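A short worksheet on the structure shown next.
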Amino acid sequence: MNVLVTGAAGYIGSHTCRLLVQSGCRVIGYDNLSQGHCAAFERATNGGRLVVGDLADTDLLQRTLTAEAVEAVVHFAALALVGESIEYPQRYHQNNVEGSASLIQALHHCGIKRLVVSSTTAIYGAPEIIPISEETPPAPINPYGQSKWDVECLLQEACQRDGLGFAALRYFNAAGAASDGLLGEDHSPETHLIPIVLQVALGQRDRIQIFGDDYPTPDGTCVRDYVHVNDLADAHLKALNLLQPGQKIQVNLGSGTGTSVLEIVEHARRVTGHEIPCAVASRRPGDPPCLIADNALARSMLKWKPQHSSLDSILTSAWRWHQRHPQGYPSSE
Ligand SMILES: NC(=O)c1ccc[n+]([C@@H]2O[C@H](COP(=O)([O-])OP(=O)(O)OC[C@H]3O[C@@H](n4cnc5c(N)ncnc54)[C@H](O)[C@@H]3O)[C@@H](O)[C@H]2O)c1
């Protein structure tokens with residue numbers, strides 16, 4: 001199958017490209033490289049074709065889809081920093097919502113009816129009932145989450161109007177790295193807890209800031225659901241194989257297990273053998289105490305089962321990546 005992957009040079013995109021190639025797909029990457037790394041895509045696909053372009057360029061998307069005889073699309077490309085989205089909401093609407101609208105238009109023009117899309121737990125906001133099932137009404141509390149929910153609404157419209165088949169996969173916290181240390185997480189700025197903890201272990205930061213230790217959770221720190229990036233990649237492959245034109249799939253992808261900030265730090269101390277100093281800071285506005293996925297629907301519908309999402313597997317693989325690539329991907333590649 002010929003598959004176009006937007007955001008293919010990013011963190012989750014590159015791991016998924018690798019699995020798609022391993023499963024026999026021909027992958028064409030599409031990324032504006034605002035965040036991604038050429039090296040990630042090259043390593044993932046052994047030098048596959050990367051089109052450097054923006055989602056906003058509907059014409060380039062159409063020409064690429066036609067020239068490469070694309071049959072299905074996996075869409076990761078987005079801006080994904082909650083704090084930045086609060087500061088620049090319009091940027092998030094433009095890039096994520098209008099960018100996805102441009103992609104949907106290009107798919108319609110080319111008659112492509114299968115699209116797998118990154119969505120997020122941020123569409124649920126701060127729900128009261130945990131674990132979070134897909135029945136939870138969307139109630140985003142920041143422009144990033146809103147932009148992702150707006151994209152799901154566009155997809156539902158295109159499904160009804162044009163028979164587009166889509167799978168919106170609502171990830172919880174992506175984490176971990178390829179088991180051979182070739183691919184991993186390299187965001188700038190880095191805002192995710194696990195890479196930051198490991199940067200402290202590497203001596204690149206002095207300490208980890210824990211934002212609040214007085215939450216109503218067992219140890220007072222926030223609890224999140226971490227899911228290994230290779231388990232996410234596997235879910236994309238499964239969704240792609242299942243999806244039919246006109247079909248609508250909206251599922252959570254999480255491990256179903258909650259892990260607190262302190263549990264991450266303590267486990268990272270064991271894996272790395274480093275002390276990892278911590279300092280408690282005040283709570284960040286809008287941080288819910290606990291977000292854990294109910295992943296029953298993904299298990300039954302996609303026949304998906306997280307295989308690599310134990311805390312140990314996540315931290316061991318991430319630590320291997322960070323040790324081998326303390327500065328991330330080489331910028332020259
Ligand atoms: N990382 C997580 O924990 C997480 C959780 C939930 C959802 N998501 C979603 O998963 C997707 C991938 O996340 P990631 O962590 O791999 O992010 P990432 O920043 O590593 O990858 C995103 C890629 O998209 C590209 N991109 C952004 N805007 C573009 C545009 N307009 N045109 C072309 N390319 C563009 C970037 O250059 C980058 O390579 C995003 O849609 C994100 O919202 C991520």
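In the structure tokens, chains take letters A, B, ... by order of appearance, with residues numbered from 1 within each chain and ligands from 1 in the order shown.
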
Each residue of chain A lying at most 8 Å from ligand 1 should get a row with its shortest atom-to-atom pair and the distance in Å to one decimal, counting only C-alpha atoms and all ligand atoms; could you produce that, ordered by chain and increasing number, as CSV?
```
residue,atom,partner,partner_atom_place_in_ligand_line,distance
A:Thr6,CA,ligand 1,34 (N),6.1
A:Gly7,CA,ligand 1,24 (O),3.4
A:Ala8,CA,ligand 1,39 (O),6.0
A:Ala9,CA,ligand 1,39 (O),4.3
A:Gly10,CA,ligand 1,39 (O),3.4
A:Tyr11,CA,ligand 1,16 (O),3.6
A:Ile12,CA,ligand 1,16 (O),3.8
A:Gly13,CA,ligand 1,16 (O),5.4
A:Ser14,CA,ligand 1,16 (O),7.7
A:Tyr30,CA,ligand 1,33 (C),6.4
A:Asp31,CA,ligand 1,34 (N),3.7
A:Asn32,CA,ligand 1,33 (C),4.0
A:Leu33,CA,ligand 1,37 (O),3.8
A:Ser34,CA,ligand 1,37 (O),4.0
A:Gln35,CA,ligand 1,37 (O),3.7
A:Gly36,CA,ligand 1,39 (O),3.0
A:His37,CA,ligand 1,39 (O),6.5
A:Val52,CA,ligand 1,33 (C),7.6
A:Gly53,CA,ligand 1,33 (C),5.8
A:Asp54,CA,ligand 1,32 (N),3.5
A:Leu55,CA,ligand 1,32 (N),4.0
A:Ala56,CA,ligand 1,31 (N),6.3
A:His75,CA,ligand 1,41 (O),7.3
A:Phe76,CA,ligand 1,11 (C),4.3
A:Ala77,CA,ligand 1,24 (O),3.3
A:Ala78,CA,ligand 1,27 (C),4.0
A:Leu79,CA,ligand 1,27 (C),5.2
A:Ala80,CA,ligand 1,43 (O),4.5
A:Asn95,CA,ligand 1,31 (N),5.0
A:Asn96,CA,ligand 1,31 (N),6.8
A:Gly99,CA,ligand 1,31 (N),5.8
A:Val117,CA,ligand 1,41 (O),7.6
A:Ser118,CA,ligand 1,41 (O),4.8
A:Ser119,CA,ligand 1,7 (C),5.3
A:Thr120,CA,ligand 1,6 (C),4.1
A:Thr121,CA,ligand 1,6 (C),6.4
A:Ala122,CA,ligand 1,6 (C),7.4
A:Tyr144,CA,ligand 1,43 (O),7.9
A:Lys148,CA,ligand 1,43 (O),7.3
A:Arg170,CA,ligand 1,6 (C),6.6
A:Tyr171,CA,ligand 1,6 (C),4.5
A:Phe172,CA,ligand 1,5 (C),5.4
A:Asn173,CA,ligand 1,3 (O),4.1
A:Ala174,CA,ligand 1,3 (O),3.7
A:Ala175,CA,ligand 1,3 (O),6.6
A:Glu185,CA,ligand 1,20 (O),7.2
A:Asp186,CA,ligand 1,20 (O),7.2
A:His187,CA,ligand 1,20 (O),6.2
A:His192,CA,ligand 1,3 (O),7.5
```

Pull C-alpha atoms from the residues just selected and write them as an mmCIF file, in the first residue's frame.
```cif
data_model
loop_
_atom_site.group_PDB
_atom_site.id
_atom_site.type_symbol
_atom_site.label_atom_id
_atom_site.label_comp_id
_atom_site.auth_asym_id
_atom_site.auth_seq_id
_atom_site.Cartn_x
_atom_site.Cartn_y
_atom_site.Cartn_z
ATOM 1 C CA THR A 6 2.204 13.920 7.315
ATOM 2 C CA GLY A 7 4.469 14.909 10.212
ATOM 3 C CA ALA A 8 6.647 11.946 9.202
ATOM 4 C CA ALA A 9 9.850 13.572 10.490
ATOM 5 C CA GLY A 10 8.404 14.047 13.991
ATOM 6 C CA TYR A 11 8.525 11.817 17.049
ATOM 7 C CA ILE A 12 5.473 9.560 16.676
ATOM 8 C CA GLY A 13 5.431 9.963 12.884
ATOM 9 C CA SER A 14 8.955 8.584 12.410
ATOM 10 C CA TYR A 30 5.263 15.049 4.101
ATOM 11 C CA ASP A 31 6.605 17.520 6.663
ATOM 12 C CA ASN A 32 7.457 21.222 6.784
ATOM 13 C CA LEU A 33 10.336 20.447 9.183
ATOM 14 C CA SER A 34 9.175 23.171 11.599
ATOM 15 C CA GLN A 35 9.713 20.609 14.370
ATOM 16 C CA GLY A 36 10.756 17.398 12.674
ATOM 17 C CA HIS A 37 14.158 16.006 11.727
ATOM 18 C CA VAL A 52 9.159 19.125 2.392
ATOM 19 C CA GLY A 53 5.912 21.058 2.379
ATOM 20 C CA ASP A 54 3.220 22.615 4.522
ATOM 21 C CA LEU A 55 -0.290 21.327 5.146
ATOM 22 C CA ALA A 56 -1.549 24.709 3.953
ATOM 23 C CA HIS A 75 -1.822 12.488 9.540
ATOM 24 C CA PHE A 76 0.452 13.466 12.448
ATOM 25 C CA ALA A 77 1.433 17.000 11.395
ATOM 26 C CA ALA A 78 0.400 19.527 14.042
ATOM 27 C CA LEU A 79 1.701 21.969 16.583
ATOM 28 C CA ALA A 80 1.361 20.268 19.963
ATOM 29 C CA ASN A 95 -1.793 25.243 11.558
ATOM 30 C CA ASN A 96 -3.867 22.412 12.997
ATOM 31 C CA GLY A 99 -4.012 22.712 7.793
ATOM 32 C CA VAL A 117 -5.342 11.019 12.327
ATOM 33 C CA SER A 118 -3.554 11.885 15.601
ATOM 34 C CA SER A 119 -5.987 13.154 18.167
ATOM 35 C CA THR A 120 -5.411 13.584 21.873
ATOM 36 C CA THR A 121 -6.723 13.180 25.377
ATOM 37 C CA ALA A 122 -6.621 17.010 25.528
ATOM 38 C CA TYR A 144 -4.427 22.966 21.482
ATOM 39 C CA LYS A 148 -7.759 18.813 17.807
ATOM 40 C CA ARG A 170 -6.795 9.882 20.851
ATOM 41 C CA TYR A 171 -3.389 9.372 22.422
ATOM 42 C CA PHE A 172 -2.609 9.851 26.069
ATOM 43 C CA ASN A 173 1.095 10.602 26.850
ATOM 44 C CA ALA A 174 3.388 9.217 24.149
ATOM 45 C CA ALA A 175 6.727 8.073 25.569
ATOM 46 C CA GLU A 185 12.097 11.952 21.224
ATOM 47 C CA ASP A 186 13.795 15.243 20.256
ATOM 48 C CA HIS A 187 11.508 18.246 20.727
ATOM 49 C CA HIS A 192 7.473 16.272 28.146
#
```

Report task. Taking the chain letters and numbering used in this document, name the residues of region 41-259 of chain A that DSSP puts in strand (DSSP E), as a ChimeraX atom specification. Result -> /A:49-52,72-75,114-120,165-171,173-175,208-211,223-224,226-228,248-253,259

Query raised in the report: Closest to Gly220 (chain A) among A:Leu155, A:Leu302, A:Cys290, A:Cys17, using only C-alpha atoms?
Result: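 So, comparing all the options, the nearest one is A:Cys290.
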
Query raised in the report: Of the residues A:Glu157, A:Asp150, A:Asp294, A:Asp234, which is the one nearest to Pro306 (chain A), using only C-alpha atoms?
Result: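 Comparing A:Glu157, A:Asp150, A:Asp294, A:Asp234 against Pro306 (chain A), the winner is A:Asp234.
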
Requested in this report: Do a neighbour search on Gln199 (chain A) at 10 Å with only C-alpha atoms, toss out local chain neighbours closer than 6 positions, and write the hits as a list in words.
Outcome: Glu190, Leu193, Arg205, Asp206, Arg207, Ile208, Ile276, Trp319, His322, Gln323, Pro326 and Gln327 of chain A

Requested in this report: Find the spatial neighbours of region 18-27 of chain A, counting only C-alpha atoms, within a cut-off of 6 Å - ignore same-chain residues fewer than 6 positions away - and output them as an MDAnalysis selection string.
Outcome: chainID A and resid 1:4 44:45

Could you dump the residues just selected with N, CA and C atoms as a PDB file, in the first residue's frame?
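part_12.pdb, written as the output of this step:
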```
ATOM      1  N   MET A   1       0.843  -1.198   0.000  1.00  0.00           N
ATOM      2  CA  MET A   1       0.000   0.000   0.000  1.00  0.00           C
ATOM      3  C   MET A   1       0.882   1.254   0.000  1.00  0.00           C
ATOM      4  N   ASN A   2       0.523   2.239  -0.812  1.00  0.00           N
ATOM      5  CA  ASN A   2       1.250   3.519  -0.823  1.00  0.00           C
ATOM      6  C   ASN A   2       0.601   4.451   0.202  1.00  0.00           C
ATOM      7  N   VAL A   3       1.374   4.868   1.204  1.00  0.00           N
ATOM      8  CA  VAL A   3       0.815   5.643   2.313  1.00  0.00           C
ATOM      9  C   VAL A   3       1.568   6.969   2.442  1.00  0.00           C
ATOM     10  N   LEU A   4       0.826   8.071   2.408  1.00  0.00           N
ATOM     11  CA  LEU A   4       1.429   9.378   2.697  1.00  0.00           C
ATOM     12  C   LEU A   4       1.326   9.609   4.207  1.00  0.00           C
ATOM     13  N   ALA A  44      14.110   6.035   9.714  1.00  0.00           N
ATOM     14  CA  ALA A  44      12.891   5.225   9.810  1.00  0.00           C
ATOM     15  C   ALA A  44      12.598   4.495   8.508  1.00  0.00           C
ATOM     16  N   THR A  45      12.951   5.110   7.380  1.00  0.00           N
ATOM     17  CA  THR A  45      12.525   4.568   6.078  1.00  0.00           C
ATOM     18  C   THR A  45      13.705   4.144   5.212  1.00  0.00           C
TER      19      THR A  45
END
```

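Of the listed residues (A:Leu164, A:Leu262, A:Ile314, A:Val74), A:Ile314 comes nearest to His228 (chain A); the distances count only C-alpha atoms.
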
Query raised in the report: Which residues in region 59-300 of chain A does DSSP call alpha helix (DSSP H)? List them as a ChimeraX atom specification.
Result: /A:59-67,82-87,89-92,99-110,143-162,193-201,229-242,261-272,296-300

Query raised in the report: From the set A:Ala101, A:Ala69, A:Leu115, A:Ala201, which residue has the shortest atom-to-atom contact distance to Glu275 (chain A), counting only C-alpha atoms?
Result: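 Comparing A:Ala101, A:Ala69, A:Leu115, A:Ala201 against Glu275 (chain A), the winner is A:Ala201.
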
Query - d(CA of Arg299 (chain A), CA of Leu107 (chain A)) in Å - result: 28.5 Å

Requested in this report: Please identify all polymer residues within 7 Å of region 136-142 of chain A, counting only C-alpha atoms, omitting same-chain residues fewer than 2 positions from it, and present them as a VMD selection string.
Outcome: chain A and resid 82 86 122 to 125 132 to 134 144 to 146

Query raised in the report: Taking into account only C-alpha atoms, which residue in the set A:Gly48, A:Pro143, A:Gly286, A:Pro89 is nearest to Cys222 (chain A)?
Result: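 Closest to Cys222 (chain A) of all the choices is A:Gly286.
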
**Report entry** Near-Asp214 (chain A) list (12 Å; only C-alpha atoms; drop same-chain fewer than 5 positions) as JSON, numbers by chain
**Finding:** {"A": [219, 220, 221, 222, 280, 281, 282, 283, 289]}

Query - For Lys305 (chain A): contacts at 12 Å, only C-alpha atoms, fewer than 4 positions along chain excluded, given as a ChimeraX atom specification - result: /A:227-228,230-235,238,253-256,295-301,309

Query raised in the report: Could you state the separation of CA of Ala318 (chain A) and CA of Gly83 (chain A) in Å, given to one decimal place?
Result: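 We find that CA of Ala318 (chain A) and CA of Gly83 (chain A) lie 23.7 Å from each other.
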